[in-house]
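Visitor: Below is the structure I would like to discuss, written out as structure tokens.
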Amino acid sequence: MTPAADIPLKEPTVSAAAGDADQLERARIDASTRVPVLMFYASAMVWLLIGTLLAGFVSFKLHSPDWFSDVSFLTWGRLRPVHMNVMVYGWASMVAMGTAIWLMARLCRTTLRHPLIIVTGIWFWNIGVVIGVIGILMGYSTGYDWLEFPPYAAVVLFVAYALIISWAVLMFRFRRGDQIYITQWYLLAAFLWFPWLYAAAQAMLFVVPVQGVMQAAVGWWYANNLLFLWLGAIALGTAYYMIPKVIGRPVYSYHLATIGFWTYALFSSWTGMQRLVDGPFPAWMITASIAATILTIIPVATVGLNHHMTMQGYFPVMRYSPTLRFTVFGAMSYTVFSVVGILISLRSTARYLHFTEASIAYSHMGLYAFFTMIMFGSMYYIVPRLVGREWRYATLIKLHFWASVYGVGLMSLMLLVGGLTQGADQNDTSMTFIESVASVLPYVRGRTVAALLLTVSHFIFAFHFGLMLFGLGRTSTVPTFLNPVEAEGSEEHL
Amino acid sequence: MKGLVSLFIGLFGTFAFSWLGLTVIPNWQIGALNPQTDEEGADAYPTPKSGMADRGRRIYAANGCIYCHSQQIRPDYDSSDIDRVRDAGPSPGPKWAERRSAPRDYIFDRPVVLGQERMGPDVANIGKAAPTEEEKPAAAPPANASANSPAPAQSPPANASAPKPGTSGSPAAPANSPAPPVAAANPSRAASASPNPSGLPLAYSEAWHHRHLYSPRSMSPDNRDSTMPAYKFLYEKHPISGERSADALQLEGRDAPPPGWEVVPTYEAKCLVAYLMSLDQSHPLKEVKTAPGGAAPPAGSPPAAPAGSPAPAPPKK
């Protein structure tokens, strides 16, 4: 008997007949989050598709620059920031807020009050992203990374955020039970850090602008912390909920979780300046960030160890559960992403990898392989509980998973190796500069193939999600397993 | 409840630590620099850019030039930025830089566009690479080199100063490509031979930048791998009414406008080029070492930082 045979793959689906008070309460809480969370997910999916198409466009234009280059709003230099901002504010932030609100309601064991206010916030957020995108396309980009939206779009986003998150924090105020689970720490932290981060960056860049190179420092400080303290924190919190939940086993060690959380907050918030290595800055800033990057090995090791020990003996469940498969892949990618981050931040490697495509590989490992995969996993868990249907096709889930894994893997590989080639050529003064560009072109073409794979993956998922949204999922008490025969066979032993 | 209070204090504390450490304290250190002057208070560097160049920087940022071009030179002990020469122009081309960049170089820049990637070359000193007034006549044997460089109508002074014999029967003449369009459009200059084989404007001159922006891959045979997008939307194509415009682009082959038409830069393109021409970090700074053999720093300006120290510590307030 395999270990997988012993465990419930998912808590039994709620049914009134069960009569279990706990489950009824959970169903009531889920129902209260239904409209806002599904709206978050639906908006995020639309932005994901737009961002994916833009990514393919941008990737293709990088090696075929004459394609649609004569139209001002289709020029590469405007589409690229649109892609980045659509992905960060349209897809990532919205899916993160959706999952976070659902988790918050579940963990606080309280229903979501006044969901309509959150719905208003979602509308505002979408409008803010649309305004920002139009602003960039019209040529009003601010020129700061991840903050390209014109400041007036940021105001709309801020109002939206206040509407959304104040209710999530209120839920925490009205929670039942005194115990605070580790996921709640991450979520609360992200909810509080993001507005401070966003406000500080906006203030220091647009309201009371800082002088000269300090703008670049503030910009990278913001971009880095947006990845770690906002999106990364929500992803880690989600993984801490999903992995124990799906395998039905408590987290291995709360002590490790505490260490992992505080070292994460402390060290990852100090990284970022290594992106400015050898730039016109006092060396201590960059060295401090490199040191902090190296120290992130502590949260990576503790979080990784904790997840690993929790999963110990339960890895076969990944064969059946879509949620677990995506989440564990994302959690593993967090380790890989951080180790790559440490390696490329060292001065000896930065000498070759600074100013190359490798930094794009790094961003995608963080935003996609780590964050987005965990969010996909959470959607596979949450959506059936909101619409009362199960995912229709196990094949589509598998296709989605493998296309994503191969897509992001190929992209990271291409850009890291391409970046090394590019960097080595740039440091070789016997070669002309254009030769360094020529040497990276094959890898950039390879990246376009990866973009195609990811496009396929996202359209498959969007189709599947659309089926669920329109009530076309399976009506069943058994969740959709990736390998249904074996899974059902194993359930017979229960 | 006690745990909750310490949780909130911890969340605020860690974030405040990072905020103070990476933005507030550095801002206190390098956020209020003044231009450097010599003992008499003259020779101030840097100085604010002109209105056109300043607007050009916004166009540079808004059209995403920053995603491929950096504007920061790394120190020589950690990169070969300072040893690198530019691809275009007579060999050896102009150097990328004489010294590393320092915070003081950017004190008037808003937005600051340091860049993060180099799919294109660094442009921190691209304005310095432009041909100087002395270089123009001396650049090539046919001395009217500037005839089809900057704007033709502005060139007559240079033209006039060029020795006449160079115009006709110059040794370079046989190598010329078919006469550049300007020759056809303006018969009075039909005799003027192009100074370089491809009929290009002098490297990194204003006319060169305009043509490069309009058609990056037309610049020279080895520039075909360039991945720079063409910025044709910054230019206007319209029929010539009367006299040919002074700032019309010199274009050949597929890019050439039909006869009777011309391509002229819009005001935005002019701002962008004015900005590029203004990029120059060659002025020595007291806090950084200038490469030996580079633009000689004024005597008695000791490098504040020892060679091994990457800190461009700005002692001046």
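A note on labels: chains of the structure tokens are A, B, ... as shown, every chain counts residues from 1, and ligands are counted from 1 in their shown order.
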Give me, as a list of chain:residue names, the residues of chain A touching chain B, with the criterion being at most 6 Å (counting only C-alpha atoms).
Guide: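 Applying the cut-off to the listed atoms yields A:Pro65, A:Asp70, A:Ser72, A:Gly77, A:Arg78, A:Gly139, A:Tyr140, A:Ser141, A:Gly143, A:Gln211, A:Gly212, A:Val213, A:Val218, A:Leu266, A:Ser269, A:Trp270, A:Asp278, A:Pro280, A:Pro282, A:Ala283, A:Phe355, A:Thr356, A:Asn427, A:Thr429, A:Ala438.
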Visitor: Report as a VMD selection string all protein, DNA and RNA residues lying within 10 Å of Asp30 (chain A), evaluated on only C-alpha atoms, omitting residues in the same chain fewer than 4 positions from it.
Guide: chain A and resid 24 to 26 34 to 35 37 102 to 103 105 to 106 109 to 112 382 385 to 387
Visitor: Do you know which residues are at most 6 Å from region 450-456 of chain A counting only C-alpha atoms, after dropping those on the same chain fewer than 2 positions away, and could you put them as a list in words?
Guide: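 Counting only the stated atoms, we get Thr52, Gly56, Ala403, Ser404, Gly407, Leu410, Met411, Arg447, Thr448, His458 and Phe459 of chain A.
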Visitor: Report the distance between CA of Gly51 (chain B) and CA of Ile136 (chain A) in Å, rounded to one decimal place.
Guide: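 CA of Ile136 (chain A) lies 22.6 Å from CA of Gly51 (chain B).
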Visitor: Identify, on the basis of only C-alpha atoms, every residue whose closest approach to Tyr41 (chain A) does not exceed 9 Å; exclude the query and any residue fewer than 5 positions from it along the same chain; express the result as a short mmCIF file (atom, residue, chain, number, x, y, z; two decimals) with C-alpha atoms, in the first residue's frame.
Guide:
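Result saved to around.cif:
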data_model
loop_
_atom_site.label_atom_id
_atom_site.label_comp_id
_atom_site.auth_asym_id
_atom_site.auth_seq_id
_atom_site.Cartn_x
_atom_site.Cartn_y
_atom_site.Cartn_z
CA PRO A 36 -15.35 39.03 -5.63
CA VAL A 46 -8.22 38.38 -19.30
CA TRP A 91 -2.50 39.35 -13.90
CA MET A 94 -5.28 40.52 -9.28
CA VAL A 95 -4.89 36.78 -9.01
CA GLY A 98 -8.27 36.94 -5.26
CA THR A 99 -6.45 34.03 -3.68
CA MET A 379 -7.03 28.43 -8.70
CA VAL A 383 -12.51 27.70 -8.31
#
Visitor: Quick one: of A:Phe337, A:Thr142, A:Ser32, A:Cys108, who's nearest to Val82 (chain A), counting only C-alpha atoms?
Guide: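 Comparing A:Phe337, A:Thr142, A:Ser32, A:Cys108 against Val82 (chain A), the winner is A:Thr142.
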Visitor: Would you please give, as a count of residues only, all residues of region 204-291 of chain B that DSSP assigns to helix (DSSP H, G or I) based on the backbone?
Guide: 33
Visitor: Write out as a ChimeraX atom specification each polymer residue whose atoms come within 12 Å of Ala130 (chain B), counting only C-alpha atoms; drop sequence neighbours fewer than 6 positions from it.
Guide: /B:86,88-89,93-96,123,136,139,149-150,201-209,273-274,276-280
Visitor: May I ask for the distance between CA of Ile298 (chain A) and CA of Tyr334 (chain A), given in Å to one decimal place?
Guide: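 Result for CA of Ile298 (chain A) versus CA of Tyr334 (chain A): 12.7 Å, one decimal.
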Visitor: Please provide as a JSON list (two decimals) with C-alpha atoms, in the first residue's frame all residues within 6 Å of Gln274 (chain A), with the sequence filter that same-chain residues fewer than 4 positions apart are discarded (counting only C-alpha atoms).
Guide:
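Output file selection.json is given in full below:
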[["chain", "number", "residue", "atom", "x", "y", "z"],
["A", 286, "ILE", "CA", 25.28, 47.42, -3.80],
["A", 289, "SER", "CA", 22.19, 44.09, -1.38],
["A", 290, "ILE", "CA", 24.55, 41.38, -2.54],
["A", 345, "SER", "CA", 24.27, 38.75, -8.01]]
Visitor: Nearest to Ile117 (chain A) among A:Met311, A:Ala162, A:Val444, A:Met214, with distances taken over only C-alpha atoms: which residue is it?
Guide: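 Using only C-alpha atoms, Ile117 (chain A) sits closest to A:Ala162.
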Visitor: Tell me which protein, DNA and RNA residues are within 12 Å of Met318 (chain A), counting only C-alpha atoms, leaving out same-chain ones fewer than 4 positions away, and put them as a list in words.
Guide: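 Near neighbours after the sequence-gap exclusion: Ala4, Leu9, Ile243, Val246, Ile247, Met311, Gln312, Gly313, Tyr314, Pro322, Thr323, Leu324, Arg325, Phe326, Thr327, Val328, Phe329, Gly377, Lys398, Phe401, Phe481, Leu482, Asn483 and Ala487 of chain A.
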Visitor: Since we have the selection now, will you write its residues out, keeping C-alpha atoms, as a short mmCIF file (atom, residue, chain, number, x, y, z; two decimals), in the first residue's frame?
Guide:
data_model
loop_
_atom_site.label_atom_id
_atom_site.label_comp_id
_atom_site.auth_asym_id
_atom_site.auth_seq_id
_atom_site.Cartn_x
_atom_site.Cartn_y
_atom_site.Cartn_z
CA ALA A 4 -0.87 7.96 -1.11
CA LEU A 9 -6.81 13.64 -1.47
CA ILE A 243 0.44 21.82 0.51
CA VAL A 246 -4.19 18.83 -0.01
CA ILE A 247 -2.16 16.09 1.62
CA MET A 311 5.59 16.45 1.71
CA GLN A 312 7.88 13.62 2.82
CA GLY A 313 6.22 10.38 1.87
CA TYR A 314 3.38 12.16 0.11
CA PRO A 322 -3.51 19.31 -9.92
CA THR A 323 -3.30 21.80 -7.05
CA LEU A 324 -0.44 19.98 -5.42
CA ARG A 325 1.42 19.48 -8.66
CA PHE A 326 1.37 23.19 -9.53
CA THR A 327 2.02 24.34 -5.97
CA VAL A 328 4.94 22.03 -5.34
CA PHE A 329 6.46 22.97 -8.68
CA GLY A 377 -2.38 25.68 -8.21
CA LYS A 398 -2.02 18.11 -17.71
CA PHE A 401 0.97 22.04 -16.56
CA PHE A 481 -7.70 13.91 -10.58
CA LEU A 482 -4.95 13.94 -13.13
CA ASN A 483 -4.79 10.16 -13.20
CA ALA A 487 -6.73 7.81 -7.69
#
Visitor: Which of these, A:Val86, A:Ile297, A:Leu170, A:Ala100, has the shortest distance to Leu147 (chain A) once you count only C-alpha atoms?
Guide: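 Of the candidates, the smallest distance to Leu147 (chain A) is held by A:Val86.
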